[in-house]
file data_27.csv (CSV, N, CA and C atoms and all ligand atoms)
chain,number,residue,atom,x,y,z
A,1,MET,N,-41.1,14.1,11.3
A,1,MET,CA,-41.0,12.9,12.1
A,1,MET,C,-40.2,13.2,13.4
A,2,SER,N,-40.7,12.9,14.5
A,2,SER,CA,-39.9,13.2,15.7
A,2,SER,C,-39.5,11.9,16.4
A,3,HIS,N,-38.2,11.8,16.8
A,3,HIS,CA,-37.7,10.6,17.4
A,3,HIS,C,-38.0,10.6,18.9
A,4,SER,N,-38.2,9.4,19.4
A,4,SER,CA,-38.4,9.3,20.8
A,4,SER,C,-37.1,9.6,21.6
A,5,LEU,N,-37.2,9.9,22.8
A,5,LEU,CA,-36.1,10.2,23.7
A,5,LEU,C,-35.1,9.0,23.8
A,6,ALA,N,-35.7,7.8,23.8
A,6,ALA,CA,-35.0,6.6,23.9
A,6,ALA,C,-34.1,6.4,22.7
A,7,PHE,N,-34.7,6.7,21.5
A,7,PHE,CA,-34.0,6.6,20.2
A,7,PHE,C,-32.8,7.6,20.2
A,8,VAL,N,-33.1,8.8,20.6
A,8,VAL,CA,-32.0,9.8,20.6
A,8,VAL,C,-30.8,9.4,21.5
A,9,ARG,N,-31.2,8.8,22.7
A,9,ARG,CA,-30.2,8.4,23.7
A,9,ARG,C,-29.4,7.2,23.1
A,10,ALA,N,-30.1,6.3,22.4
A,10,ALA,CA,-29.4,5.1,21.9
A,10,ALA,C,-28.5,5.6,20.7
A,11,THR,N,-28.9,6.6,20.0
A,11,THR,CA,-28.1,7.1,18.9
A,11,THR,C,-26.8,7.8,19.4
A,12,ARG,N,-27.0,8.6,20.5
A,12,ARG,CA,-25.8,9.2,21.1
A,12,ARG,C,-24.8,8.2,21.6
A,13,ALA,N,-25.3,7.2,22.2
A,13,ALA,CA,-24.5,6.1,22.8
A,13,ALA,C,-23.7,5.4,21.7
A,14,LEU,N,-24.4,5.2,20.6
A,14,LEU,CA,-23.8,4.6,19.4
A,14,LEU,C,-22.7,5.4,18.8
A,15,GLU,N,-23.0,6.7,18.7
A,15,GLU,CA,-22.1,7.7,18.1
A,15,GLU,C,-20.8,7.7,18.9
A,16,GLN,N,-21.0,7.7,20.2
A,16,GLN,CA,-19.9,7.7,21.1
A,16,GLN,C,-19.0,6.5,21.0
A,17,ARG,N,-19.7,5.3,20.8
A,17,ARG,CA,-19.0,4.1,20.6
A,17,ARG,C,-18.2,4.1,19.3
A,18,ILE,N,-18.8,4.6,18.3
A,18,ILE,CA,-18.2,4.7,17.0
A,18,ILE,C,-17.0,5.6,17.0
A,19,ALA,N,-17.2,6.7,17.7
A,19,ALA,CA,-16.1,7.7,17.9
A,19,ALA,C,-14.9,7.0,18.6
A,20,LEU,N,-15.2,6.2,19.6
A,20,LEU,CA,-14.1,5.6,20.3
A,20,LEU,C,-13.4,4.5,19.5
A,21,ILE,N,-14.2,3.8,18.7
A,21,ILE,CA,-13.6,2.8,17.8
A,21,ILE,C,-12.6,3.4,16.8
A,22,THR,N,-13.0,4.5,16.2
A,22,THR,CA,-12.2,5.2,15.2
A,22,THR,C,-11.0,5.9,15.9
A,23,CYS,N,-11.2,6.4,17.1
A,23,CYS,CA,-10.2,7.1,17.8
A,23,CYS,C,-9.1,6.3,18.4
A,24,ASP,N,-9.4,5.0,18.6
A,24,ASP,CA,-8.5,4.1,19.2
A,24,ASP,C,-8.2,4.3,20.6
A,25,ARG,N,-9.0,5.2,21.2
A,25,ARG,CA,-8.8,5.5,22.7
A,25,ARG,C,-9.3,4.4,23.6
A,26,SER,N,-10.3,3.6,23.0
A,26,SER,CA,-10.9,2.5,23.9
A,26,SER,C,-9.8,1.5,24.3
A,27,ARG,N,-8.8,1.4,23.4
A,27,ARG,CA,-7.7,0.5,23.6
A,27,ARG,C,-6.8,1.0,24.7
A,28,GLN,N,-6.8,2.3,24.9
A,28,GLN,CA,-6.0,2.9,26.0
A,28,GLN,C,-6.8,3.1,27.3
A,29,GLY,N,-8.0,2.5,27.3
A,29,GLY,CA,-8.8,2.6,28.5
A,29,GLY,C,-9.5,4.0,28.7
A,30,LYS,N,-9.5,4.8,27.6
A,30,LYS,CA,-10.2,6.1,27.8
A,30,LYS,C,-11.6,6.0,27.4
A,31,THR,N,-12.4,6.9,27.9
A,31,THR,CA,-13.9,6.8,27.6
A,31,THR,C,-14.3,7.9,26.7
A,32,GLN,N,-13.5,8.8,26.4
A,32,GLN,CA,-13.9,10.0,25.5
A,32,GLN,C,-13.0,10.0,24.3
A,33,ALA,N,-13.7,10.1,23.1
A,33,ALA,CA,-13.0,10.3,21.9
A,33,ALA,C,-12.6,11.8,21.7
A,34,CYS,N,-11.6,12.0,20.8
A,34,CYS,CA,-11.3,13.4,20.6
A,34,CYS,C,-12.4,14.1,19.7
A,35,ASP,N,-12.3,15.4,19.7
A,35,ASP,CA,-13.4,16.2,18.9
A,35,ASP,C,-13.5,15.8,17.5
A,36,ARG,N,-12.3,15.6,16.9
A,36,ARG,CA,-12.3,15.2,15.4
A,36,ARG,C,-13.1,14.0,15.2
A,37,HIS,N,-12.9,13.0,16.0
A,37,HIS,CA,-13.6,11.7,15.8
A,37,HIS,C,-15.0,11.8,16.2
A,38,ARG,N,-15.3,12.6,17.2
A,38,ARG,CA,-16.7,12.8,17.7
A,38,ARG,C,-17.5,13.4,16.6
A,39,HIS,N,-17.0,14.4,15.9
A,39,HIS,CA,-17.7,15.0,14.8
A,39,HIS,C,-17.9,14.0,13.6
A,40,LYS,N,-16.9,13.2,13.4
A,40,LYS,CA,-17.0,12.2,12.3
A,40,LYS,C,-18.0,11.1,12.5
A,41,ALA,N,-18.2,10.8,13.8
A,41,ALA,CA,-19.0,9.6,14.2
A,41,ALA,C,-20.4,9.7,13.6
A,42,ARG,N,-21.0,10.8,13.5
A,42,ARG,CA,-22.4,10.9,12.9
A,42,ARG,C,-22.5,10.5,11.5
A,43,ALA,N,-21.5,10.9,10.7
A,43,ALA,CA,-21.5,10.5,9.3
A,43,ALA,C,-21.2,9.0,9.2
A,44,LEU,N,-20.3,8.5,10.0
A,44,LEU,CA,-20.0,7.1,10.0
A,44,LEU,C,-21.2,6.3,10.4
A,45,LEU,N,-22.0,6.8,11.3
A,45,LEU,CA,-23.2,6.1,11.7
A,45,LEU,C,-24.2,5.9,10.6
A,46,ASN,N,-24.3,7.0,9.8
A,46,ASN,CA,-25.2,7.0,8.6
A,46,ASN,C,-24.7,5.9,7.6
A,47,ILE,N,-23.4,5.8,7.4
A,47,ILE,CA,-22.9,4.9,6.4
A,47,ILE,C,-23.1,3.5,7.0
A,48,ALA,N,-22.8,3.3,8.3
A,48,ALA,CA,-23.0,2.0,8.9
A,48,ALA,C,-24.4,1.5,8.8
A,49,SER,N,-25.4,2.4,8.9
A,49,SER,CA,-26.8,2.0,8.8
A,49,SER,C,-27.1,1.4,7.5
A,50,GLN,N,-26.3,1.7,6.5
A,50,GLN,CA,-26.5,1.1,5.1
A,50,GLN,C,-25.7,-0.2,5.0
A,51,GLY,N,-24.9,-0.5,6.0
A,51,GLY,CA,-24.1,-1.7,6.0
A,51,GLY,C,-23.0,-1.7,4.9
A,52,ALA,N,-22.6,-0.5,4.5
A,52,ALA,CA,-21.6,-0.4,3.4
A,52,ALA,C,-20.1,-0.4,4.0
A,53,ILE,N,-19.6,-1.5,4.1
A,53,ILE,CA,-18.2,-1.7,4.7
A,53,ILE,C,-17.2,-0.9,4.0
A,54,ASP,N,-17.2,-1.0,2.6
A,54,ASP,CA,-16.2,-0.4,1.8
A,54,ASP,C,-16.2,1.1,1.9
A,55,ALA,N,-17.4,1.7,1.9
A,55,ALA,CA,-17.6,3.1,2.0
A,55,ALA,C,-17.2,3.6,3.4
A,56,LEU,N,-17.5,2.7,4.4
A,56,LEU,CA,-17.1,3.0,5.8
A,56,LEU,C,-15.6,3.1,5.9
A,57,THR,N,-15.0,2.1,5.3
A,57,THR,CA,-13.5,2.0,5.4
A,57,THR,C,-12.9,3.2,4.8
A,58,ALA,N,-13.4,3.6,3.6
A,58,ALA,CA,-12.9,4.8,2.9
A,58,ALA,C,-13.1,6.1,3.8
A,59,ALA,N,-14.3,6.2,4.5
A,59,ALA,CA,-14.6,7.3,5.3
A,59,ALA,C,-13.7,7.4,6.5
A,60,ILE,N,-13.3,6.2,7.1
A,60,ILE,CA,-12.5,6.2,8.3
A,60,ILE,C,-11.1,6.6,7.8
A,61,CYS,N,-10.6,6.0,6.7
A,61,CYS,CA,-9.3,6.2,6.2
A,61,CYS,C,-9.1,7.7,5.7
A,62,GLY,N,-10.1,8.2,5.1
A,62,GLY,CA,-10.0,9.6,4.6
A,62,GLY,C,-9.5,9.6,3.2
A,63,HIS,N,-9.3,8.4,2.6
A,63,HIS,CA,-8.9,8.3,1.2
A,63,HIS,C,-9.4,7.0,0.6
A,64,PRO,N,-9.6,7.0,-0.7
A,64,PRO,CA,-10.1,5.8,-1.3
A,64,PRO,C,-9.2,4.6,-1.2
A,65,GLY,N,-9.7,3.4,-1.2
A,65,GLY,CA,-8.8,2.2,-1.1
A,65,GLY,C,-9.0,1.6,0.2
A,66,ARG,N,-8.4,0.5,0.5
A,66,ARG,CA,-8.6,-0.2,1.7
A,66,ARG,C,-7.3,-0.3,2.5
A,67,CYS,N,-7.4,-0.2,3.7
A,67,CYS,CA,-6.2,-0.6,4.6
A,67,CYS,C,-6.8,-1.5,5.7
A,68,GLN,N,-5.9,-2.4,6.1
A,68,GLN,CA,-6.3,-3.4,7.1
A,68,GLN,C,-6.9,-2.8,8.4
A,69,PRO,N,-6.2,-1.9,9.1
A,69,PRO,CA,-6.7,-1.4,10.4
A,69,PRO,C,-8.1,-0.7,10.2
A,70,CYS,N,-8.3,0.1,9.1
A,70,CYS,CA,-9.5,0.8,8.9
A,70,CYS,C,-10.6,-0.2,8.5
A,71,GLY,N,-10.3,-1.2,7.8
A,71,GLY,CA,-11.3,-2.2,7.4
A,71,GLY,C,-11.8,-2.9,8.7
A,72,ALA,N,-10.9,-3.2,9.6
A,72,ALA,CA,-11.3,-3.9,10.9
A,72,ALA,C,-12.2,-3.0,11.7
A,73,LYS,N,-11.8,-1.7,11.7
A,73,LYS,CA,-12.7,-0.7,12.4
A,73,LYS,C,-14.1,-0.6,11.8
A,74,ALA,N,-14.1,-0.7,10.5
A,74,ALA,CA,-15.4,-0.6,9.8
A,74,ALA,C,-16.3,-1.7,10.2
A,75,ILE,N,-15.7,-2.9,10.2
A,75,ILE,CA,-16.5,-4.1,10.6
A,75,ILE,C,-17.0,-4.0,12.0
A,76,GLU,N,-16.1,-3.5,12.9
A,76,GLU,CA,-16.4,-3.3,14.3
A,76,GLU,C,-17.6,-2.3,14.5
A,77,ILE,N,-17.6,-1.3,13.6
A,77,ILE,CA,-18.6,-0.2,13.7
A,77,ILE,C,-20.0,-0.8,13.3
A,78,VAL,N,-20.0,-1.6,12.2
A,78,VAL,CA,-21.2,-2.2,11.7
A,78,VAL,C,-21.8,-3.1,12.7
A,79,ARG,N,-20.9,-3.9,13.4
A,79,ARG,CA,-21.3,-4.8,14.4
A,79,ARG,C,-21.9,-4.0,15.6
A,80,ALA,N,-21.3,-2.9,16.0
A,80,ALA,CA,-21.8,-2.1,17.1
A,80,ALA,C,-23.1,-1.5,16.7
A,81,TYR,N,-23.3,-1.1,15.4
A,81,TYR,CA,-24.5,-0.6,14.9
A,81,TYR,C,-25.7,-1.6,15.0
A,82,ASN,N,-25.4,-2.8,14.6
A,82,ASN,CA,-26.3,-3.9,14.6
A,82,ASN,C,-26.8,-4.3,16.0
A,83,GLU,N,-25.8,-4.3,16.9
A,83,GLU,CA,-26.1,-4.5,18.3
A,83,GLU,C,-27.0,-3.4,18.9
A,84,GLY,N,-26.7,-2.2,18.5
A,84,GLY,CA,-27.4,-1.0,19.0
A,84,GLY,C,-28.8,-0.9,18.5
A,85,ALA,N,-29.0,-1.4,17.2
A,85,ALA,CA,-30.2,-1.3,16.6
A,85,ALA,C,-31.2,-2.3,17.0
A,86,GLU,N,-30.7,-3.4,17.7
A,86,GLU,CA,-31.6,-4.5,18.1
A,86,GLU,C,-32.5,-4.1,19.3
A,101,ZN,ZN,-9.7,10.9,17.8
A,102,ZN,ZN,-6.9,3.4,6.8
call {"tool": "encode", "arguments": {"input": "data_27.csv", "output": "structure tokens"}}
result
Amino acid sequence: MSHSLAFVRATRALEQRIALITCDRSRQGKTQACDRHRHKARALLNIASQGAIDALTAAICGHPGRCQPCGAKAIEIVRAYNEGAE
């Protein structure tokens, strides 16, 4: 199965948005996430596509359990995904 160019472009934009959310740089007015979060964004996008907030929170946190800031980021990512997928 090959994806259309528009799909690939939308996915890249979404990955970048997710990377920025997890990186916290958007709050500092930066437009580029660091490498670590850019690499992580693809995996987070896959989890977001399943709408699994708990799994997403754990993936952002890097350890099981919940913490408030990562839970808020997880919700923000799923929202970004839903907007992007429309
Ligand atoms: Zn980062
Ligand atoms: Zn956390």
call {"tool": "atom_distance", "arguments": {"input": "data_27.csv", "atom1": "CA of Ala6 in chain A", "atom2": "CA of Lys73 in chain A"}}
result
26.1 Å
call {"tool": "residues_around", "arguments": {"input": "data_27.csv", "residues": "range 9-16 of chain A", "least_positions_apart": "2", "cutoff": "7 Å", "atoms": "all atoms listed in the file", "output": "list in words"}}
result
Ser4, Leu5, Ala6, Phe7, Ile18, Ala19, Leu20, Ile21, Ala33, Arg38, Ala41, Arg42, Leu45, Ala80, Tyr81 and Gly84 of chain A
call {"tool": "residues_near_ligand", "arguments": {"input": "data_27.csv", "ligand": "ligand ZN 102 (chain A)", "cutoff": "12 Å", "atoms": "only C-alpha atoms and all ligand atoms", "output": "VMD selection string"}}
result
chain A and resid 22 54 to 74
call {"tool": "residues_near_ligand", "arguments": {"input": "data_27.csv", "ligand": "ligand ZN 101 (chain A)", "cutoff": "5 Å", "atoms": "only N, CA and C atoms and all ligand atoms", "output": "VMD selection string"}}
result
chain A and resid 23 33 to 34 37
call {"tool": "atom_distance", "arguments": {"input": "data_27.csv", "atom1": "atom N of Ile47 in chain A", "atom2": "atom N of Val8 in chain A"}}
result
16.7 Å
call {"tool": "atom_distance", "arguments": {"input": "data_27.csv", "atom1": "CA of Ala52 in chain A", "atom2": "CA of Lys40 in chain A"}}
result
16.1 Å
call {"tool": "select_by_dssp", "arguments": {"input": "data_27.csv", "residues": "chain A", "states": "alpha helix (DSSP H)", "output": "VMD selection string"}}
result
chain A and resid 5 to 23 35 to 48 53 to 61 68 to 85
